[in-house]
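Novice: Structure file structure_35.tsv (TSV, C-alpha atoms) right here:
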```
chain	number	residue	atom	x	y	z
A	181	MET	CA	0.00	0.00	0.00
A	182	ILE	CA	1.05	3.63	-0.51
A	183	PRO	CA	1.10	5.52	2.82
A	184	GLY	CA	-1.62	8.12	3.14
A	185	MET	CA	-3.64	6.87	0.18
A	186	GLU	CA	-6.91	4.99	0.16
A	187	PRO	CA	-6.46	1.51	-1.28
A	188	LEU	CA	-7.35	1.29	-4.94
A	189	PRO	CA	-9.71	-1.41	-6.23
A	190	LEU	CA	-8.45	-3.99	-8.66
A	191	PRO	CA	-8.62	-2.33	-12.09
A	192	LEU	CA	-11.12	-4.77	-13.64
A	193	GLU	CA	-13.56	-5.02	-10.74
A	194	GLY	CA	-17.08	-4.76	-12.17
A	195	ILE	CA	-16.04	-6.17	-15.56
A	196	THR	CA	-17.75	-9.41	-16.61
A	197	VAL	CA	-16.12	-11.71	-19.15
A	198	VAL	CA	-17.77	-14.66	-20.89
A	199	ALA	CA	-15.38	-17.09	-22.55
A	200	VAL	CA	-16.05	-20.05	-24.82
A	201	GLU	CA	-12.50	-21.27	-24.58
A	202	GLN	CA	-10.25	-24.28	-24.58
A	203	ALA	CA	-6.58	-25.31	-24.37
A	204	VAL	CA	-4.19	-22.42	-23.52
A	205	ALA	CA	-4.43	-19.28	-25.67
A	206	ALA	CA	-7.88	-18.01	-24.63
A	207	PRO	CA	-7.86	-19.47	-21.09
A	208	PHE	CA	-4.49	-17.86	-20.30
A	209	ALA	CA	-5.74	-14.50	-21.62
A	210	THR	CA	-8.90	-14.59	-19.52
A	211	ARG	CA	-7.00	-15.73	-16.45
A	212	GLN	CA	-5.06	-12.47	-16.61
A	213	LEU	CA	-8.40	-10.63	-16.59
A	214	ALA	CA	-9.62	-12.66	-13.61
A	215	ASP	CA	-6.42	-11.95	-11.66
A	216	LEU	CA	-7.05	-8.22	-12.16
A	217	GLY	CA	-10.54	-8.45	-10.72
A	218	ALA	CA	-12.82	-9.35	-13.63
A	219	ARG	CA	-15.56	-11.92	-13.23
A	220	VAL	CA	-14.83	-14.63	-15.80
A	221	ILE	CA	-17.54	-17.12	-16.77
A	222	LYS	CA	-16.00	-20.09	-18.55
A	223	VAL	CA	-18.33	-21.97	-20.90
A	224	GLU	CA	-17.30	-25.62	-21.24
A	225	ARG	CA	-18.50	-28.68	-23.07
A	226	ILE	CA	-20.71	-31.06	-21.11
A	227	ASP	CA	-18.63	-34.10	-22.17
A	228	GLY	CA	-15.42	-33.45	-20.24
A	229	GLY	CA	-15.24	-29.69	-20.54
A	230	ASP	CA	-12.17	-27.84	-21.76
A	231	PHE	CA	-10.04	-30.61	-23.24
A	232	ALA	CA	-7.03	-29.23	-21.35
A	233	ARG	CA	-8.64	-30.80	-18.26
A	234	GLY	CA	-7.48	-34.15	-19.65
A	235	TYR	CA	-3.88	-33.34	-20.61
A	236	ASP	CA	-2.38	-34.90	-17.47
A	237	THR	CA	-3.01	-35.47	-13.75
A	238	ALA	CA	0.18	-33.92	-12.40
A	239	ALA	CA	-1.43	-31.24	-10.19
A	240	GLY	CA	-2.79	-33.48	-7.47
A	241	GLY	CA	-4.95	-35.30	-9.98
A	242	LEU	CA	-5.80	-32.21	-12.05
A	243	ALA	CA	-4.17	-31.21	-15.33
A	244	SER	CA	-1.27	-28.82	-14.89
A	245	HIS	CA	-2.22	-26.73	-17.95
A	246	PHE	CA	-5.76	-26.34	-16.66
A	247	VAL	CA	-4.69	-25.34	-13.14
A	248	TRP	CA	-2.26	-22.78	-14.58
A	249	CYS	CA	-4.76	-21.11	-16.94
A	250	ASN	CA	-8.12	-21.30	-15.19
A	251	ARG	CA	-8.02	-20.12	-11.61
A	252	GLY	CA	-10.57	-17.55	-10.51
A	253	LYS	CA	-13.23	-18.53	-13.06
A	254	GLU	CA	-16.81	-19.78	-12.85
A	255	SER	CA	-17.49	-22.90	-14.91
A	256	ILE	CA	-20.78	-23.51	-16.68
A	257	ALA	CA	-21.12	-26.68	-18.77
A	258	LEU	CA	-23.46	-26.38	-21.78
A	259	ASP	CA	-24.21	-28.19	-25.01
A	260	LEU	CA	-23.95	-25.38	-27.55
A	261	LYS	CA	-25.32	-27.61	-30.30
A	262	ASP	CA	-28.64	-27.51	-28.47
A	263	PRO	CA	-30.49	-24.20	-29.06
A	264	ARG	CA	-31.30	-24.05	-25.35
A	265	GLY	CA	-27.63	-24.20	-24.41
A	266	LEU	CA	-26.71	-21.59	-27.00
A	267	ASP	CA	-29.49	-19.33	-25.73
A	268	VAL	CA	-27.94	-19.43	-22.25
A	269	VAL	CA	-24.64	-18.18	-23.68
A	270	ARG	CA	-26.45	-15.37	-25.48
A	271	GLN	CA	-28.14	-14.34	-22.23
A	272	LEU	CA	-24.79	-14.32	-20.45
A	273	VAL	CA	-23.19	-12.26	-23.25
A	274	ALA	CA	-26.02	-9.72	-23.06
A	275	GLY	CA	-24.89	-8.86	-19.53
A	276	ALA	CA	-21.15	-9.03	-20.21
A	277	ASP	CA	-18.46	-6.48	-21.01
A	278	VAL	CA	-16.09	-8.86	-22.79
A	279	PHE	CA	-16.52	-12.05	-24.80
A	280	VAL	CA	-13.56	-14.28	-25.76
A	281	GLN	CA	-13.54	-17.38	-27.97
A	282	ASN	CA	-10.93	-19.60	-29.57
A	283	LEU	CA	-13.09	-22.24	-31.23
A	284	ALA	CA	-12.01	-23.96	-34.43
A	285	HIS	CA	-12.16	-21.87	-37.61
A	286	GLY	CA	-15.75	-21.08	-38.57
A	287	ALA	CA	-17.33	-22.65	-35.47
A	288	ALA	CA	-18.05	-19.38	-33.66
A	289	ALA	CA	-19.59	-17.83	-36.78
A	290	ARG	CA	-21.87	-20.84	-37.24
A	291	LEU	CA	-23.08	-20.34	-33.66
A	292	GLY	CA	-23.41	-16.57	-34.03
A	293	LEU	CA	-20.65	-16.10	-31.46
A	294	ASP	CA	-18.05	-14.43	-33.67
A	295	ALA	CA	-16.89	-10.96	-32.70
A	296	ALA	CA	-18.51	-9.16	-35.64
A	297	THR	CA	-21.94	-10.63	-34.98
A	298	LEU	CA	-21.85	-10.05	-31.23
A	299	CYS	CA	-20.54	-6.48	-31.48
A	300	ALA	CA	-23.28	-5.61	-33.98
A	301	ALA	CA	-25.86	-6.77	-31.45
A	302	HIS	CA	-24.09	-5.31	-28.39
A	303	PRO	CA	-22.21	-2.09	-29.27
A	304	ARG	CA	-20.53	-1.79	-25.84
A	305	LEU	CA	-19.22	-5.36	-25.93
A	306	VAL	CA	-15.53	-6.09	-26.47
A	307	ALA	CA	-15.47	-9.39	-28.38
A	308	VAL	CA	-12.24	-11.29	-29.02
A	309	ASP	CA	-11.63	-13.88	-31.73
A	310	ILE	CA	-8.42	-15.87	-31.16
A	311	SER	CA	-7.37	-18.09	-34.05
A	312	GLY	CA	-4.35	-19.96	-35.31
A	313	TYR	CA	-3.75	-18.11	-38.54
A	314	GLY	CA	-6.39	-15.39	-38.79
A	315	PRO	CA	-9.84	-15.28	-40.41
A	316	SER	CA	-8.72	-15.17	-44.03
A	317	GLY	CA	-5.93	-16.34	-46.31
A	318	PRO	CA	-4.89	-19.83	-47.38
A	319	TYR	CA	-4.13	-20.95	-43.80
A	320	ALA	CA	-7.36	-19.69	-42.23
A	321	GLY	CA	-8.91	-23.15	-41.92
A	322	LYS	CA	-5.70	-24.97	-41.01
A	323	ARG	CA	-5.55	-26.68	-37.63
A	324	ALA	CA	-3.26	-24.72	-35.35
A	325	TYR	CA	-1.58	-26.26	-32.34
A	326	ASP	CA	1.26	-24.60	-30.51
A	327	MET	CA	4.12	-26.71	-31.88
A	328	LEU	CA	2.80	-26.39	-35.43
A	329	VAL	CA	2.63	-22.59	-35.18
A	330	GLN	CA	6.12	-22.50	-33.64
A	331	CYS	CA	7.30	-24.25	-36.79
A	332	GLU	CA	5.34	-22.03	-39.19
A	333	ALA	CA	6.59	-18.90	-37.41
A	334	GLY	CA	10.24	-19.95	-37.69
A	335	LEU	CA	10.83	-20.16	-33.94
A	336	VAL	CA	11.94	-23.78	-34.19
A	337	SER	CA	14.43	-22.87	-36.93
A	338	VAL	CA	16.38	-20.60	-34.58
A	339	THR	CA	16.06	-22.71	-31.41
A	340	GLY	CA	18.33	-25.65	-30.63
A	341	THR	CA	21.81	-26.69	-31.68
A	342	PRO	CA	23.48	-26.43	-35.07
A	343	GLU	CA	22.58	-30.07	-35.64
A	344	GLN	CA	19.04	-30.14	-34.26
A	345	PRO	CA	16.19	-27.59	-34.29
A	346	VAL	CA	13.86	-27.89	-31.29
A	347	LYS	CA	10.58	-26.34	-30.23
A	348	ALA	CA	10.44	-24.09	-27.18
A	349	GLY	CA	9.80	-25.99	-23.97
A	350	ILE	CA	6.75	-23.83	-23.22
A	351	PRO	CA	3.70	-23.18	-25.46
A	352	ALA	CA	5.18	-19.98	-26.86
A	353	ALA	CA	2.61	-19.46	-29.63
A	354	ASP	CA	-0.30	-19.93	-27.22
A	355	ILE	CA	1.24	-17.58	-24.66
A	356	ALA	CA	2.02	-14.93	-27.28
A	357	ALA	CA	-1.56	-14.96	-28.56
A	358	ALA	CA	-2.91	-14.91	-25.02
A	359	MET	CA	-0.94	-11.86	-24.00
A	360	TYR	CA	-1.91	-9.91	-27.12
A	361	ALA	CA	-5.55	-10.85	-26.52
A	362	PHE	CA	-5.20	-9.66	-22.92
A	363	SER	CA	-3.65	-6.34	-23.92
A	364	GLY	CA	-6.16	-5.99	-26.76
A	365	VAL	CA	-9.04	-6.31	-24.29
A	366	LEU	CA	-7.50	-3.68	-22.03
A	367	ALA	CA	-6.99	-1.30	-24.96
A	368	ALA	CA	-10.56	-1.85	-26.19
A	369	LEU	CA	-11.96	-1.20	-22.70
A	370	VAL	CA	-10.03	2.07	-22.55
A	371	ARG	CA	-11.43	3.01	-25.97
A	372	ARG	CA	-14.93	2.12	-24.78
A	373	GLY	CA	-14.46	4.41	-21.81
A	374	VAL	CA	-13.83	7.26	-24.26
A	375	SER	CA	-16.18	6.42	-27.13
A	376	GLY	CA	-18.83	4.30	-25.44
A	377	ARG	CA	-18.29	1.52	-27.97
A	378	GLY	CA	-16.44	-1.75	-27.52
A	379	GLY	CA	-15.75	-3.55	-30.75
A	380	PRO	CA	-14.01	-6.63	-32.11
A	381	VAL	CA	-10.46	-7.69	-31.19
A	382	GLU	CA	-8.69	-10.14	-33.49
A	383	VAL	CA	-5.54	-12.06	-32.55
A	384	SER	CA	-3.86	-14.96	-34.33
A	385	MET	CA	-1.18	-17.22	-32.94
A	386	LEU	CA	0.94	-16.83	-36.07
A	387	ASP	CA	0.76	-13.03	-36.01
A	388	ALA	CA	1.64	-12.96	-32.33
A	389	LEU	CA	4.62	-15.30	-32.57
A	390	ALA	CA	5.85	-13.68	-35.79
A	391	GLU	CA	6.05	-10.41	-33.85
A	392	TRP	CA	8.11	-12.13	-31.17
A	393	MET	CA	10.47	-13.32	-33.93
A	394	GLY	CA	11.41	-9.69	-34.55
A	395	HIS	CA	15.18	-9.94	-33.99
A	396	PRO	CA	15.92	-13.01	-36.13
A	397	LEU	CA	13.34	-11.88	-38.70
A	398	HIS	CA	14.93	-8.46	-39.17
A	399	HIS	CA	18.39	-10.01	-39.08
A	400	ALA	CA	17.43	-12.30	-41.96
A	401	MET	CA	15.41	-9.76	-43.97
A	402	HIS	CA	17.94	-6.95	-43.78
A	403	GLY	CA	21.18	-8.80	-43.19
A	404	GLY	CA	20.60	-11.54	-45.71
A	405	THR	CA	21.09	-14.58	-43.46
A	406	PRO	CA	19.13	-15.91	-40.48
A	407	PRO	CA	20.94	-16.22	-37.13
A	408	ALA	CA	22.50	-19.62	-36.61
A	409	ARG	CA	21.18	-22.03	-33.98
A	410	THR	CA	23.73	-21.94	-31.19
A	411	GLY	CA	22.18	-23.78	-28.25
A	412	LEU	CA	22.77	-21.67	-25.14
A	413	ALA	CA	25.38	-19.60	-26.95
A	414	HIS	CA	24.64	-16.39	-28.84
A	415	ALA	CA	25.11	-16.10	-32.59
A	416	VAL	CA	26.83	-12.69	-32.48
A	417	ILE	CA	28.16	-12.31	-28.90
A	418	ALA	CA	31.07	-14.08	-27.16
A	419	PRO	CA	31.55	-15.23	-24.50
A	420	TYR	CA	27.85	-16.01	-24.04
A	421	ASP	CA	27.20	-19.59	-22.99
A	422	ALA	CA	26.87	-22.08	-20.15
A	423	TYR	CA	30.05	-23.44	-18.62
A	424	PRO	CA	30.37	-26.59	-16.45
A	425	THR	CA	31.53	-26.25	-12.85
A	426	ALA	CA	33.36	-28.74	-10.67
A	427	ASP	CA	30.23	-29.75	-8.74
A	428	GLY	CA	28.25	-30.74	-11.84
A	429	GLY	CA	26.45	-27.42	-12.19
A	430	ARG	CA	26.43	-25.06	-15.12
A	431	VAL	CA	26.94	-21.32	-14.92
A	432	LEU	CA	25.95	-18.96	-17.71
A	433	LEU	CA	27.61	-15.67	-18.39
A	434	SER	CA	27.13	-12.94	-20.93
A	435	VAL	CA	29.78	-10.37	-21.83
A	436	GLN	CA	27.97	-7.50	-23.53
A	437	ASN	CA	30.86	-5.13	-24.16
A	438	ASP	CA	34.63	-4.97	-24.20
A	439	ARG	CA	34.89	-3.31	-20.77
A	440	GLU	CA	33.23	-6.37	-19.27
A	441	TRP	CA	35.63	-8.60	-21.19
A	442	ARG	CA	38.59	-6.78	-19.69
A	443	ARG	CA	37.17	-7.30	-16.18
A	444	LEU	CA	36.56	-10.97	-16.94
A	445	ALA	CA	40.09	-11.38	-18.28
A	446	GLU	CA	41.67	-9.70	-15.27
A	447	GLN	CA	39.54	-10.92	-12.36
A	448	VAL	CA	38.21	-14.32	-13.47
A	449	ILE	CA	40.51	-15.74	-16.14
A	450	GLU	CA	43.44	-14.00	-14.39
A	451	ARG	CA	45.10	-13.07	-17.67
A	452	PRO	CA	44.72	-9.29	-17.95
A	453	GLU	CA	46.72	-9.19	-21.19
A	454	LEU	CA	43.74	-10.77	-22.97
A	455	GLY	CA	41.96	-7.44	-22.56
A	456	SER	CA	44.16	-5.91	-25.24
A	457	ASP	CA	45.06	-9.01	-27.25
A	458	PRO	CA	43.77	-8.41	-30.80
A	459	ASP	CA	42.38	-11.96	-30.92
A	460	PHE	CA	40.06	-11.20	-27.98
A	461	ALA	CA	39.92	-7.45	-27.35
A	462	THR	CA	36.71	-6.86	-29.34
A	463	ASN	CA	33.48	-8.79	-29.50
A	464	ALA	CA	33.92	-9.32	-33.23
A	465	ALA	CA	37.34	-10.89	-32.59
A	466	ARG	CA	35.97	-13.09	-29.81
A	467	VAL	CA	33.17	-14.34	-32.06
A	468	VAL	CA	35.72	-15.26	-34.74
A	469	ASN	CA	37.76	-17.01	-32.03
A	470	ARG	CA	34.75	-18.40	-30.15
A	471	GLU	CA	36.26	-21.83	-29.42
A	472	ARG	CA	39.42	-20.32	-27.91
A	473	THR	CA	37.37	-17.75	-25.96
A	474	ASP	CA	35.10	-20.44	-24.53
A	475	ALA	CA	38.07	-22.60	-23.65
A	476	LEU	CA	39.62	-19.77	-21.63
A	477	VAL	CA	36.37	-19.13	-19.72
A	478	GLY	CA	35.69	-22.84	-19.26
A	479	ALA	CA	39.13	-23.43	-17.79
A	480	ALA	CA	38.70	-20.56	-15.33
A	481	LEU	CA	35.32	-21.76	-14.08
A	482	GLY	CA	35.75	-25.52	-14.40
A	483	GLY	CA	37.64	-25.91	-11.14
A	484	LEU	CA	35.09	-23.98	-9.10
A	485	GLY	CA	31.75	-24.93	-7.59
A	486	ALA	CA	28.69	-23.22	-9.04
A	487	ASP	CA	28.24	-20.94	-6.02
A	488	GLU	CA	31.93	-20.04	-6.06
A	489	ALA	CA	31.86	-19.32	-9.80
A	490	VAL	CA	28.78	-17.12	-9.53
A	491	GLY	CA	30.32	-15.21	-6.62
A	492	LEU	CA	33.52	-14.60	-8.55
A	493	LEU	CA	31.67	-13.40	-11.65
A	494	GLU	CA	29.42	-11.11	-9.65
A	495	ARG	CA	32.39	-9.53	-7.88
A	496	ALA	CA	33.90	-8.91	-11.30
A	497	GLY	CA	30.69	-7.24	-12.49
A	498	VAL	CA	30.00	-9.88	-15.14
A	499	ALA	CA	26.36	-10.82	-15.77
A	500	CYS	CA	25.77	-14.45	-14.86
A	501	ALA	CA	23.17	-17.00	-13.83
A	502	ARG	CA	22.79	-20.62	-12.80
A	503	LEU	CA	21.20	-23.11	-15.16
A	504	ARG	CA	18.24	-24.16	-13.02
A	505	ASP	CA	15.73	-26.89	-13.67
A	506	VAL	CA	12.00	-26.50	-13.07
A	507	GLN	CA	12.13	-27.91	-9.54
A	508	GLN	CA	14.85	-25.42	-8.69
A	509	LEU	CA	12.69	-22.63	-10.10
A	510	ALA	CA	9.93	-23.69	-7.69
A	511	GLU	CA	12.38	-23.12	-4.83
A	512	HIS	CA	14.07	-20.02	-6.28
A	513	PRO	CA	15.38	-17.84	-3.45
A	514	GLN	CA	14.35	-14.61	-5.20
A	515	LEU	CA	10.74	-15.72	-5.56
A	516	ALA	CA	10.73	-16.83	-1.93
A	517	ALA	CA	12.32	-13.60	-0.67
A	518	ARG	CA	9.74	-11.50	-2.53
A	519	GLU	CA	6.88	-13.71	-1.26
A	520	ARG	CA	5.61	-14.45	-4.76
A	521	TRP	CA	3.91	-17.73	-3.85
A	522	ARG	CA	0.29	-18.13	-2.81
A	523	GLU	CA	-2.17	-21.01	-2.52
A	524	VAL	CA	-5.34	-21.30	-4.60
A	525	GLY	CA	-8.25	-23.59	-3.95
A	526	SER	CA	-9.18	-26.42	-6.29
A	527	PRO	CA	-11.36	-29.54	-6.37
A	528	VAL	CA	-8.38	-31.48	-4.96
A	529	GLY	CA	-7.43	-28.95	-2.27
A	530	PRO	CA	-4.95	-26.07	-2.06
A	531	LEU	CA	-2.36	-25.76	-4.83
A	532	ARG	CA	0.72	-23.55	-4.96
A	533	ALA	CA	0.60	-20.75	-7.53
A	534	LEU	CA	2.69	-17.71	-8.41
A	535	LEU	CA	1.36	-14.21	-8.06
A	536	PRO	CA	0.85	-12.75	-11.55
A	537	PRO	CA	3.75	-10.61	-12.80
A	538	ILE	CA	1.69	-7.39	-12.91
A	539	THR	CA	1.99	-5.69	-9.52
A	540	LEU	CA	-0.13	-2.61	-8.80
A	541	PRO	CA	1.22	-0.89	-5.68
A	542	GLY	CA	-1.45	1.06	-3.86
A	543	GLY	CA	-4.17	-1.45	-4.58
A	544	GLY	CA	-5.30	-4.85	-3.51
A	545	GLU	CA	-3.38	-7.98	-4.33
A	546	ALA	CA	-4.31	-9.90	-7.45
A	547	ARG	CA	-7.47	-11.96	-7.08
A	548	MET	CA	-6.23	-15.53	-7.33
A	549	GLY	CA	-9.49	-17.45	-7.14
A	550	ASP	CA	-10.14	-21.16	-7.08
A	551	VAL	CA	-9.71	-23.56	-9.98
A	552	PRO	CA	-13.29	-24.61	-10.83
A	553	ALA	CA	-14.66	-28.09	-11.20
A	554	LEU	CA	-16.47	-28.75	-14.48
A	555	GLY	CA	-19.92	-27.16	-14.28
A	556	GLU	CA	-19.38	-26.07	-10.68
A	557	HIS	CA	-21.33	-22.85	-11.25
A	558	THR	CA	-23.88	-24.03	-13.82
A	559	VAL	CA	-26.93	-23.91	-11.55
A	560	ALA	CA	-26.01	-20.60	-9.93
A	561	LEU	CA	-25.44	-18.94	-13.30
A	562	LEU	CA	-28.69	-20.26	-14.75
A	563	ARG	CA	-30.59	-18.98	-11.74
A	564	ALA	CA	-28.84	-15.62	-12.15
A	565	VAL	CA	-30.26	-15.24	-15.68
A	566	GLY	CA	-33.73	-15.95	-14.30
A	567	MET	CA	-34.13	-19.64	-15.08
A	568	ALA	CA	-36.48	-21.57	-12.80
A	569	ASP	CA	-35.29	-24.70	-11.06
A	570	VAL	CA	-37.83	-26.85	-12.91
A	571	LYS	CA	-36.38	-25.74	-16.25
A	572	ILE	CA	-32.82	-26.28	-14.97
A	573	ALA	CA	-33.79	-29.81	-14.00
A	574	ALA	CA	-35.22	-30.38	-17.48
A	575	LEU	CA	-31.98	-29.17	-19.12
A	576	ARG	CA	-29.98	-31.52	-16.94
A	577	ARG	CA	-32.31	-34.41	-17.73
A	578	ASP	CA	-31.96	-33.72	-21.47
A	579	GLY	CA	-28.14	-33.52	-21.28
A	580	VAL	CA	-27.98	-29.83	-22.21
A	581	ILE	CA	-26.12	-28.87	-19.03
A	582	ALA	CA	-23.70	-30.56	-16.66
```
As structure tokens, how would this structure be written, given the file I've shared?
Specialist:
Amino acid sequence: MIPGMEPLPLPLEGITVVAVEQAVAAPFATRQLADLGARVIKVERIDGGDFARGYDTAAGGLASHFVWCNRGKESIALDLKDPRGLDVVRQLVAGADVFVQNLAHGAAARLGLDAATLCAAHPRLVAVDISGYGPSGPYAGKRAYDMLVQCEAGLVSVTGTPEQPVKAGIPAADIAAAMYAFSGVLAALVRRGVSGRGGPVEVSMLDALAEWMGHPLHHAMHGGTPPARTGLAHAVIAPYDAYPTADGGRVLLSVQNDREWRRLAEQVIERPELGSDPDFATNAARVVNRERTDALVGAALGGLGADEAVGLLERAGVACARLRDVQQLAEHPQLAARERWREVGSPVGPLRALLPPITLPGGGEARMGDVPALGEHTVALLRAVGMADVKIAALRRDGVIA
């Protein structure tokens, strides 16, 4: 809190979001909105719900993707192929500020849930269409999963070793689309506050990841050749790599300029003459002589433990890091010291979760709500739109809701 100031509400309190969503791209976008105070109503299939619920059982019996992307939401399970189920969604949208969908190409339009149709009926609504490749063009109807888009966007071509391209270890295309959808919603809500009108927001996974490919893309377009795959090394900077330590660890360092190289040469390699040696004095020379440069650094660090190596590099003012695995990230001392961990409720009990990266000093902490069970809020939401219990029972009997 800021001393002397009244606490600010979460910025999206009072905003209602309806999402017909699945997998990662749309759910991760709407989770950001929920964390900032929005009410998010997640519309799921009656036969298992969001298929990300079935990816694995690693989170205490729940799917890790689903736990990550869906906290703080209300789940309603509907059969949208039944006109009665679709009518419920339309009633929910009529009272919403934002609608988000990432159904397969053409599916939302067939249901009348595409952004153009909804915004024509509800001028204040912000409606988001998330797709793999966009609504037009030769790839519009192509199935789009994260790995496939990573390949189409060229990310895989610049990731890995010289011998082997690899995909990113996280769903980079999904995350990129999610974050542009999130920021697009925020921008559209600001515009609505000025103009009174919401409007469509369109995001494709390919567009989003192509934007993230900016450096290698511009390097190739304007320099003539794409950057080489270099593993943990850097194509145009040296030394910039991970180096083994005596205790089995690996320490990464990055020398960004020649002043840093001179400090590394003097205080870590203990050969100050390398600071002016024409084979090493400039970054261009070190890149040409990368193997010799790496050998010098590797020899200096190879006899040290990881903690000792990091301490030495930090005292020399050289940027460095440990190569941590995911379990070590979960116990990272910086996250612990800054109290970034919380617990969220779920159908299997409390689960550890990170606070979202956006911190708003002066206001309340992010709203990290429970992970919902499939259809947990179906009855409450149907009652909220005025449906009588006898009709709810009939929908359940007919398999329209779950």
Novice: Need to verify the contact set: region 290-302 of chain A, 12 Å, only C-alpha atoms, exclusion of same-chain residues closer than 6 positions in sequence. Can you return it as a VMD selection string?
Specialist: chain A and resid 198 to 201 259 to 263 265 to 267 269 to 284 308 to 311 315 376 to 383
Novice: Around all the atoms of region 298-310 of chain A listed in the file, draw an axis-aligned box and extend it by 4 Å on each of the six sides; I want its centre and edge lengths in Å to one decimal, as AutoDock Vina command-line options.
Specialist:
```
--center_x -17.1 --center_y -8.8 --center_z -29.9 --size_x 25.4 --size_y 22.1 --size_z 16.1
```
Novice: Neighbouring residues of region 535-544 of chain A were defined as those with any atom within 12 Å, considering all atoms listed in the file; residues of the same chain fewer than 3 positions away were excluded. Please report them as a short mmCIF file (atom, residue, chain, number, x, y, z; two decimals) with C-alpha atoms, in the coordinates of the input.
Specialist:
```cif
data_model
loop_
_atom_site.label_atom_id
_atom_site.label_comp_id
_atom_site.auth_asym_id
_atom_site.auth_seq_id
_atom_site.Cartn_x
_atom_site.Cartn_y
_atom_site.Cartn_z
CA MET A 181 0.00 0.00 0.00
CA ILE A 182 1.05 3.63 -0.51
CA PRO A 183 1.10 5.52 2.82
CA GLY A 184 -1.62 8.12 3.14
CA MET A 185 -3.64 6.87 0.18
CA GLU A 186 -6.91 4.99 0.16
CA PRO A 187 -6.46 1.51 -1.28
CA LEU A 188 -7.35 1.29 -4.94
CA PRO A 189 -9.71 -1.41 -6.23
CA LEU A 190 -8.45 -3.99 -8.66
CA PRO A 191 -8.62 -2.33 -12.09
CA LEU A 192 -11.12 -4.77 -13.64
CA GLU A 193 -13.56 -5.02 -10.74
CA PHE A 208 -4.49 -17.86 -20.30
CA ARG A 211 -7.00 -15.73 -16.45
CA GLN A 212 -5.06 -12.47 -16.61
CA LEU A 213 -8.40 -10.63 -16.59
CA ALA A 214 -9.62 -12.66 -13.61
CA ASP A 215 -6.42 -11.95 -11.66
CA LEU A 216 -7.05 -8.22 -12.16
CA GLY A 217 -10.54 -8.45 -10.72
CA TRP A 248 -2.26 -22.78 -14.58
CA CYS A 249 -4.76 -21.11 -16.94
CA ARG A 251 -8.02 -20.12 -11.61
CA LEU A 515 10.74 -15.72 -5.56
CA ALA A 516 10.73 -16.83 -1.93
CA ARG A 518 9.74 -11.50 -2.53
CA GLU A 519 6.88 -13.71 -1.26
CA ARG A 520 5.61 -14.45 -4.76
CA TRP A 521 3.91 -17.73 -3.85
CA ARG A 522 0.29 -18.13 -2.81
CA GLU A 523 -2.17 -21.01 -2.52
CA VAL A 524 -5.34 -21.30 -4.60
CA ARG A 532 0.72 -23.55 -4.96
CA ARG A 547 -7.47 -11.96 -7.08
CA MET A 548 -6.23 -15.53 -7.33
CA GLY A 549 -9.49 -17.45 -7.14
#
```
Novice: For Pro407 (chain A), which residue among A:Met567, A:Ala486, A:Cys331, A:Val338 is the nearest when counting only C-alpha atoms?
Specialist: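 For Pro407 (chain A), the nearest of the candidates is A:Val338.
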Novice: What lies within 12 Å of region 339-352 of chain A using only C-alpha atoms, ignoring chain neighbours under 5 positions off, as a VMD selection string?
Specialist: chain A and resid 203 to 205 208 245 325 to 334 357 to 359 385 to 386 388 to 393 396 406 to 415 505 to 506
Novice: Using only C-alpha atoms, can you tell me which of A:Gly394, A:Gly314, A:Gly234, A:Pro207 comes closest to Gly252 (chain A)?
Specialist: A:Pro207
Novice: Kindly give the distance, in Å, that separates CA of Val551 (chain A) and CA of Lys253 (chain A), rounded to a single decimal.
Specialist: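 We find that CA of Val551 (chain A) and CA of Lys253 (chain A) lie 6.9 Å from each other.
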Novice: Need to verify the contact set: Ala553 (chain A), 10 Å, only C-alpha atoms, exclusion of same-chain residues closer than 2 positions in sequence. Can you return it as a list in words?
Specialist: Gly229, Arg233, Leu242, Lys253, Glu254, Ser255, Ile256, Ser526, Pro527, Val528, Asp550, Val551, Gly555, Glu556 and His557 of chain A
Novice: Name the closest residue to Val370 (chain A) among the candidates A:Ala496, A:Leu397, A:Val306, A:Leu562; distances are taken between atoms, counting all atoms listed in the file.
Specialist: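 Residue with the minimum atom-to-atom distance to Val370 (chain A): A:Val306.
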Novice: Considering only C-alpha atoms, state which residue in the set A:Ala489, A:Leu484, A:Ala510, A:Ala464 is at the smallest distance from Asp427 (chain A).
Specialist: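 Once distances to Asp427 (chain A) are computed over only C-alpha atoms, the minimum belongs to A:Leu484.
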Novice: What does the structure give for the distance between CA of Thr558 (chain A) and CA of Gly529 (chain A), in Å to one decimal?
Specialist: 20.7 Å
Novice: Between A:Ala422, A:Leu561, A:Ala320, A:Leu444, which one has atoms that come closest to Gly478 (chain A), using only C-alpha atoms?
Specialist: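 Ranking A:Ala422, A:Leu561, A:Ala320, A:Leu444 by distance to Gly478 (chain A), first place goes to A:Ala422.
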